$ cat protein11.pdb   # PDB, C-alpha atoms
ATOM      1  CA  MET A   1       1.708 -38.135 112.984
ATOM      2  CA  PHE A   2       1.620 -40.017 116.274
ATOM      3  CA  GLU A   3       4.282 -37.767 117.766
ATOM      4  CA  PHE A   4       2.322 -34.732 116.594
ATOM      5  CA  LEU A   5      -0.864 -35.950 118.266
ATOM      6  CA  ALA A   6       1.010 -37.047 121.371
ATOM      7  CA  SER A   7       2.333 -33.512 121.715
ATOM      8  CA  GLY A   8      -1.210 -32.457 122.597
ATOM      9  CA  GLY A   9      -0.913 -34.124 125.975
ATOM     10  CA  ILE A  10      -3.319 -36.224 128.039
ATOM     11  CA  LEU A  11      -6.424 -34.350 126.837
ATOM     12  CA  MET A  12      -5.964 -35.877 123.388
ATOM     13  CA  ILE A  13      -7.303 -39.154 124.806
ATOM     14  CA  PRO A  14     -10.837 -37.911 125.702
ATOM     15  CA  ILE A  15     -10.920 -35.871 122.470
ATOM     16  CA  PHE A  16     -10.058 -39.033 120.531
ATOM     17  CA  LEU A  17     -12.742 -40.992 122.414
ATOM     18  CA  CYS A  18     -15.289 -38.278 121.568
ATOM     19  CA  GLY A  19     -14.390 -38.731 117.915
ATOM     20  CA  VAL A  20     -14.730 -42.516 118.101
ATOM     21  CA  PHE A  21     -18.110 -42.380 119.869
ATOM     22  CA  ALA A  22     -19.431 -39.762 117.432
ATOM     23  CA  THR A  23     -18.242 -41.817 114.450
ATOM     24  CA  TYR A  24     -20.060 -44.877 115.791
ATOM     25  CA  ILE A  25     -23.318 -42.928 116.172
ATOM     26  CA  ILE A  26     -23.042 -41.374 112.706
ATOM     27  CA  VAL A  27     -22.295 -44.666 110.940
ATOM     28  CA  GLU A  28     -24.987 -46.538 112.895
ATOM     29  CA  ARG A  29     -27.685 -43.962 112.077
ATOM     30  CA  TRP A  30     -26.590 -43.733 108.434
ATOM     31  CA  ILE A  31     -26.940 -47.502 108.006
ATOM     32  CA  TYR A  32     -30.220 -47.474 109.942
ATOM     33  CA  PHE A  33     -31.831 -44.792 107.772
ATOM     34  CA  SER A  34     -30.647 -46.393 104.543
ATOM     35  CA  SER A  35     -32.108 -49.704 105.676
ATOM     36  CA  ILE A  36     -35.523 -48.525 106.878
ATOM     37  CA  GLU A  37     -36.066 -46.152 103.960
ATOM     38  CA  LYS A  38     -35.556 -48.995 101.501
ATOM     39  CA  ARG A  39     -37.897 -51.297 103.453
ATOM     40  CA  ASP A  40     -40.529 -48.574 103.855
ATOM     41  CA  VAL A  41     -40.677 -48.001 100.098
ATOM     42  CA  GLU A  42     -41.403 -51.699  99.609
ATOM     43  CA  LEU A  43     -43.879 -51.706 102.516
ATOM     44  CA  MET A  44     -45.874 -48.753 101.169
ATOM     45  CA  LYS A  45     -46.024 -50.327  97.726
ATOM     46  CA  ASN A  46     -47.303 -53.649  99.099
ATOM     47  CA  LEU A  47     -49.788 -51.989 101.457
ATOM     48  CA  ASP A  48     -51.183 -49.864  98.670
ATOM     49  CA  MET A  49     -51.957 -52.983  96.649
ATOM     50  CA  ALA A  50     -53.372 -54.849  99.662
ATOM     51  CA  LEU A  51     -55.671 -52.004 100.717
ATOM     52  CA  THR A  52     -56.880 -51.503  97.158
ATOM     53  CA  LYS A  53     -58.057 -55.125  97.255
ATOM     54  CA  HIS A  54     -59.283 -54.767 100.878
ATOM     55  CA  ASP A  55     -56.931 -57.632 101.707
ATOM     56  CA  TYR A  56     -56.363 -56.733 105.342
ATOM     57  CA  GLN A  57     -54.768 -60.062 106.234
ATOM     58  CA  SER A  58     -51.981 -59.456 103.734
ATOM     59  CA  ALA A  59     -51.677 -55.886 104.972
ATOM     60  CA  GLU A  60     -51.141 -57.170 108.516
ATOM     61  CA  SER A  61     -48.499 -59.606 107.237
ATOM     62  CA  TYR A  62     -46.606 -56.880 105.370
ATOM     63  CA  CYS A  63     -46.581 -54.714 108.482
ATOM     64  CA  ALA A  64     -45.489 -57.601 110.701
ATOM     65  CA  VAL A  65     -42.382 -58.325 108.632
ATOM     66  CA  GLY A  66     -41.569 -54.672 107.917
ATOM     67  CA  ASP A  67     -39.650 -54.138 111.157
ATOM     68  CA  THR A  68     -39.553 -50.329 110.869
ATOM     69  CA  PRO A  69     -41.188 -47.541 112.899
ATOM     70  CA  LEU A  70     -43.642 -47.005 110.033
ATOM     71  CA  SER A  71     -44.614 -50.682 109.905
ATOM     72  CA  SER A  72     -45.332 -50.683 113.658
ATOM     73  CA  VAL A  73     -47.655 -47.688 113.363
ATOM     74  CA  LEU A  74     -49.447 -49.066 110.312
ATOM     75  CA  LYS A  75     -49.833 -52.467 111.949
ATOM     76  CA  SER A  76     -51.647 -50.869 114.887
ATOM     77  CA  ALA A  77     -53.933 -49.069 112.432
ATOM     78  CA  VAL A  78     -54.797 -52.235 110.525
ATOM     79  CA  LEU A  79     -55.316 -54.308 113.665
ATOM     80  CA  ASN A  80     -57.668 -51.696 115.179
ATOM     81  CA  ARG A  81     -59.526 -50.784 111.989
ATOM     82  CA  LYS A  82     -62.831 -52.070 113.360
ATOM     83  CA  LEU A  83     -62.804 -49.742 116.359
ATOM     84  CA  ARG A  84     -64.472 -46.355 116.397
ATOM     85  CA  GLU A  85     -62.511 -43.871 114.342
ATOM     86  CA  ALA A  86     -61.663 -41.729 117.379
ATOM     87  CA  ASP A  87     -60.375 -44.745 119.316
ATOM     88  CA  MET A  88     -58.372 -46.004 116.361
ATOM     89  CA  ARG A  89     -56.773 -42.591 115.838
ATOM     90  CA  GLU A  90     -55.855 -42.376 119.521
ATOM     91  CA  ILE A  91     -54.175 -45.791 119.454
ATOM     92  CA  VAL A  92     -52.322 -44.962 116.239
ATOM     93  CA  GLN A  93     -51.186 -41.583 117.601
ATOM     94  CA  THR A  94     -49.791 -43.279 120.721
ATOM     95  CA  GLU A  95     -47.878 -45.743 118.562
ATOM     96  CA  LEU A  96     -46.738 -42.894 116.336
ATOM     97  CA  ASP A  97     -45.348 -40.918 119.270
ATOM     98  CA  THR A  98     -43.449 -43.994 120.456
ATOM     99  CA  SER A  99     -42.061 -44.794 117.018
ATOM    100  CA  ILE A 100     -40.761 -41.284 116.372
ATOM    101  CA  SER A 101     -38.148 -41.679 119.120
ATOM    102  CA  LEU A 102     -36.764 -44.722 117.278
ATOM    103  CA  PHE A 103     -35.560 -42.477 114.449
ATOM    104  CA  GLU A 104     -33.314 -40.498 116.767
ATOM    105  CA  GLY A 105     -31.511 -43.364 118.464
ATOM    106  CA  MET A 106     -28.358 -41.849 119.955
ATOM    107  CA  LEU A 107     -28.414 -38.761 117.723
ATOM    108  CA  PRO A 108     -29.120 -36.415 120.682
ATOM    109  CA  TYR A 109     -25.630 -37.261 121.959
ATOM    110  CA  LEU A 110     -23.877 -35.772 118.918
ATOM    111  CA  SER A 111     -24.348 -32.136 119.864
ATOM    112  CA  PRO A 112     -23.015 -32.618 123.430
ATOM    113  CA  ILE A 113     -20.063 -34.609 122.048
ATOM    114  CA  ALA A 114     -19.161 -31.760 119.702
ATOM    115  CA  THR A 115     -19.426 -29.270 122.559
ATOM    116  CA  VAL A 116     -17.318 -31.402 124.897
ATOM    117  CA  ALA A 117     -14.639 -31.909 122.213
ATOM    118  CA  THR A 118     -14.453 -28.148 121.667
ATOM    119  CA  LEU A 119     -14.237 -27.448 125.398
ATOM    120  CA  LEU A 120     -11.547 -30.089 125.864
ATOM    121  CA  GLY A 121      -9.558 -28.432 123.106
ATOM    122  CA  LEU A 122      -9.914 -25.065 124.812
ATOM    123  CA  LEU A 123      -8.938 -26.618 128.136
ATOM    124  CA  GLY A 124      -5.814 -27.962 126.469
ATOM    125  CA  THR A 125      -5.068 -24.455 125.218
ATOM    126  CA  VAL A 126      -5.384 -23.034 128.722
ATOM    127  CA  MET A 127      -3.240 -25.776 130.233
ATOM    128  CA  GLY A 128      -0.626 -25.357 127.511
ATOM    129  CA  ASN A 129      -0.468 -21.616 128.072
ATOM    130  CA  ILE A 130      -0.134 -22.113 131.815
ATOM    131  CA  HIS A 131       2.719 -24.527 131.151
ATOM    132  CA  ALA A 132       4.336 -22.001 128.820
ATOM    133  CA  PHE A 133       4.125 -19.208 131.373
ATOM    134  CA  ASN A 134       5.506 -21.493 134.064
ATOM    135  CA  THR A 135       8.399 -22.323 131.755
ATOM    136  CA  LEU A 136       9.090 -18.622 131.202
ATOM    137  CA  ALA A 137       8.917 -17.942 134.915
ATOM    138  CA  ALA A 138      11.258 -20.817 135.730
ATOM    139  CA  GLY A 139      14.054 -20.230 133.223
ATOM    140  CA  GLY A 140      13.096 -17.820 130.464
ATOM    141  CA  ALA A 141      12.383 -18.476 126.812
ATOM    142  CA  VAL A 142      16.045 -18.220 125.798
ATOM    143  CA  GLU A 143      17.246 -20.862 128.267
ATOM    144  CA  THR A 144      14.429 -23.390 127.782
ATOM    145  CA  PRO A 145      13.202 -23.165 124.163
ATOM    146  CA  PRO A 146      12.312 -26.904 123.812
ATOM    147  CA  ALA A 147      10.104 -26.855 126.905
ATOM    148  CA  LEU A 148       8.451 -23.618 125.829
ATOM    149  CA  ALA A 149       7.850 -24.961 122.329
ATOM    150  CA  GLY A 150       6.315 -28.124 123.790
ATOM    151  CA  ALA A 151       3.933 -26.117 125.949
ATOM    152  CA  ILE A 152       2.847 -23.964 123.016
ATOM    153  CA  SER A 153       2.440 -27.067 120.845
ATOM    154  CA  GLU A 154       0.216 -28.667 123.464
ATOM    155  CA  ALA A 155      -1.943 -25.556 123.519
ATOM    156  CA  LEU A 156      -2.389 -25.495 119.734
ATOM    157  CA  VAL A 157      -2.683 -29.225 119.020
ATOM    158  CA  THR A 158      -5.494 -29.844 121.527
ATOM    159  CA  THR A 159      -7.478 -26.908 120.154
ATOM    160  CA  ALA A 160      -7.021 -28.144 116.590
ATOM    161  CA  ALA A 161      -7.955 -31.705 117.586
ATOM    162  CA  GLY A 162     -11.078 -30.556 119.417
ATOM    163  CA  LEU A 163     -12.228 -28.544 116.399
ATOM    164  CA  CYS A 164     -11.403 -31.397 113.994
ATOM    165  CA  VAL A 165     -13.824 -33.557 115.978
ATOM    166  CA  ALA A 166     -16.475 -30.920 116.662
ATOM    167  CA  ILE A 167     -16.899 -29.451 113.155
ATOM    168  CA  PRO A 168     -17.681 -32.738 111.309
ATOM    169  CA  VAL A 169     -19.892 -33.857 114.191
ATOM    170  CA  PHE A 170     -21.947 -30.666 113.973
ATOM    171  CA  ILE A 171     -22.297 -31.102 110.194
ATOM    172  CA  PHE A 172     -23.373 -34.744 110.398
ATOM    173  CA  SER A 173     -25.665 -34.004 113.336
ATOM    174  CA  SER A 174     -27.492 -31.384 111.279
ATOM    175  CA  TYR A 175     -27.735 -33.691 108.261
ATOM    176  CA  LEU A 176     -28.948 -36.723 110.206
ATOM    177  CA  ASN A 177     -31.502 -34.665 112.113
ATOM    178  CA  SER A 178     -32.843 -33.456 108.774
ATOM    179  CA  ARG A 179     -33.258 -37.100 107.769
ATOM    180  CA  VAL A 180     -35.149 -37.704 111.015
ATOM    181  CA  GLU A 181     -37.529 -34.869 110.161
ATOM    182  CA  LYS A 182     -37.903 -36.178 106.615
ATOM    183  CA  ASN A 183     -38.760 -39.690 107.819
ATOM    184  CA  ILE A 184     -41.210 -38.396 110.417
ATOM    185  CA  SER A 185     -42.950 -36.215 107.846
ATOM    186  CA  SER A 186     -43.157 -39.081 105.365
ATOM    187  CA  MET A 187     -44.460 -41.448 108.027
ATOM    188  CA  GLU A 188     -47.148 -39.040 109.250
ATOM    189  CA  LYS A 189     -48.284 -38.411 105.682
ATOM    190  CA  PHE A 190     -48.609 -42.104 104.849
ATOM    191  CA  VAL A 191     -50.283 -42.939 108.175
ATOM    192  CA  THR A 192     -52.860 -40.190 107.608
ATOM    193  CA  ASN A 193     -53.533 -41.519 104.128
ATOM    194  CA  MET A 194     -53.946 -45.044 105.458
ATOM    195  CA  LEU A 195     -56.348 -43.947 108.206
ATOM    196  CA  LEU A 196     -58.494 -42.242 105.617
ATOM    197  CA  ARG A 197     -58.549 -45.418 103.555
ATOM    198  CA  LEU A 198     -59.354 -47.622 106.529
ATOM    199  CA  THR A 199     -62.222 -45.358 107.569
ATOM    200  CA  GLY A 200     -63.578 -45.347 104.011
ATOM    201  CA  ARG A 201     -63.061 -41.628 103.406
ATOM    202  CA  ILE A 202     -60.927 -42.312 100.361
ATOM    203  CA  LEU A 203     -60.612 -45.415  98.218
TER     204      LEU A 203
END
$ encode --input "protein11.pdb" --output "structure tokens"
Amino acid sequence: MFEFLASGGILMIPIFLCGVFATYIIVERWIYFSSIEKRDVELMKNLDMALTKHDYQSAESYCAVGDTPLSSVLKSAVLNRKLREADMREIVQTELDTSISLFEGMLPYLSPIATVATLLGLLGTVMGNIHAFNTLAAGGAVETPPALAGAISEALVTTAAGLCVAIPVFIFSSYLNSRVEKNISSMEKFVTNMLLRLTGRIL
């Protein structure tokens, strides 16, 4: 396997690094979402009980220990509940806009990584073909079959490696971005509900 990968030439190194960096981002975001989603379920349950009892001190405590984007937004709502509704909504919206970026983390890098891996693979193909043509020009395919085979192998292996990195990265990027949208939608829905409760529009 190592010899097969090594046959791709020097461009296999940046392609490999693209794969490692993308894997780190994917695993980190996967763990992050699993963690905050579990904590948010518990937070929403506790807040619902606290607000039903108008126990705002407990609500503040739940938000303080939540340590999620949702808990930060809800904490700002609870802390500023005595302000005018327009002012409170403005403060909460500012906190909401800031917290949304926390969901993405380094996800925006995945798409460029996939593109770069693909382009590196194509560059390897071009370089391998150039090497093959140079080999033909220098001695002919009959006289130098090992060198010609190595050049062709380099062209194919780098392309395959680039696609093997890019395709999974594109898939996981799409999936994780859908989880970002899901979390944002859920957060906005719960924040709206909480604002209505804090302003006395619903019980």
$ closest_residue --input "protein11.pdb" --among "A:Pro69, A:Gly124, A:Gly162, A:Gly9" --to "A:Tyr32" --atoms "all atoms listed in the file"
A:Pro69
$ closest_residue --input "protein11.pdb" --among "A:Leu107, A:Leu96, A:Leu196, A:Ile113" --to "A:Arg179" --atoms "all atoms listed in the file"
A:Leu107
$ closest_residue --input "protein11.pdb" --among "A:Leu102, A:Thr159, A:Lys182, A:Met194" --to "A:Ala59" --atoms "all atoms listed in the file"
A:Met194
$ resolve_selection --input "protein11.pdb" --expression "the PyMOL selection byres ((chain A and resi 29) around 9)" --output "JSON, numbers by chain"
{"A": [24, 25, 26, 27, 28, 30, 31, 32, 33, 34, 103, 104, 105, 106, 107, 176]}
$ resolve_selection --input "protein11.pdb" --expression "the PyMOL selection byres ((chain A and resi 166) around 9)" --output "ChimeraX atom specification"
/A:18-19,111,113-118,161-165,167-171
$ residues_around --input "protein11.pdb" --residues "stretch 49-52 of chain A" --least-positions-apart "3" --cutoff "10 Å" --atoms "all atoms listed in the file" --output "ChimeraX atom specification"
/A:44-46,55-60,62,78,194,197-198,203
$ write_last_selection --input "protein11.pdb" --atoms "C-alpha atoms" --output "CSV table (one decimal), in the coordinates of the input"
chain,number,residue,atom,x,y,z
A,44,MET,CA,-45.9,-48.8,101.2
A,45,LYS,CA,-46.0,-50.3,97.7
A,46,ASN,CA,-47.3,-53.6,99.1
A,55,ASP,CA,-56.9,-57.6,101.7
A,56,TYR,CA,-56.4,-56.7,105.3
A,57,GLN,CA,-54.8,-60.1,106.2
A,58,SER,CA,-52.0,-59.5,103.7
A,59,ALA,CA,-51.7,-55.9,105.0
A,60,GLU,CA,-51.1,-57.2,108.5
A,62,TYR,CA,-46.6,-56.9,105.4
A,78,VAL,CA,-54.8,-52.2,110.5
A,194,MET,CA,-53.9,-45.0,105.5
A,197,ARG,CA,-58.5,-45.4,103.6
A,198,LEU,CA,-59.4,-47.6,106.5
A,203,LEU,CA,-60.6,-45.4,98.2
$ closest_residue --input "protein11.pdb" --among "A:Lys75, A:Val157, A:Ile13, A:Leu70" --to "A:Ser185" --atoms "all atoms listed in the file"
A:Leu70
$ atom_distance --input "protein11.pdb" --atom1 "atom CA of A:Asp97" --atom2 "atom CA of A:Ile184"
10.1 Å
$ atom_distance --input "protein11.pdb" --atom1 "atom CA of A:Leu156" --atom2 "atom CA of A:Phe133"
14.7 Å
$ atom_distance --input "protein11.pdb" --atom1 "atom CA of A:Asn129" --atom2 "atom CA of A:Val20"
27.2 Å
$ closest_residue --input "protein11.pdb" --among "A:Leu120, A:Leu74, A:Leu110, A:Ala160" --to "A:Val191" --atoms "all atoms listed in the file"
A:Leu74
$ closest_residue --input "protein11.pdb" --among "A:Ser101, A:Thr158, A:Asn183, A:Leu195" --to "A:Ser76" --atoms "all atoms listed in the file"
A:Leu195
$ residues_near_point --input "protein11.pdb" --point "(-61.2, -46.7, 112.0)" --cutoff "12 Å" --atoms "only C-alpha atoms" --output "PyMOL selection string"
chain A and resi 76-92+192+194-201
$ axis_aligned_box --input "protein11.pdb" --around "stretch 182-199 of chain A" --padding-each-side "8 Å" --output "lines of an AutoDock Vina configuration file"
center_x = -50.1
center_y = -41.9
center_z = 107.0
size_x = 40.3
size_y = 27.4
size_z = 22.9
$ resolve_selection --input "protein11.pdb" --expression "the PyMOL selection byres ((chain A and resi 67) around 12)" --output "list in words"
Tyr32, Ser35, Ile36, Glu37, Lys38, Arg39, Asp40, Glu42, Leu43, Ser61, Tyr62, Cys63, Ala64, Val65, Gly66, Thr68, Pro69, Leu70, Ser71, Ser72, Val73, Leu74, Lys75, Ser99 and Leu102 of chain A
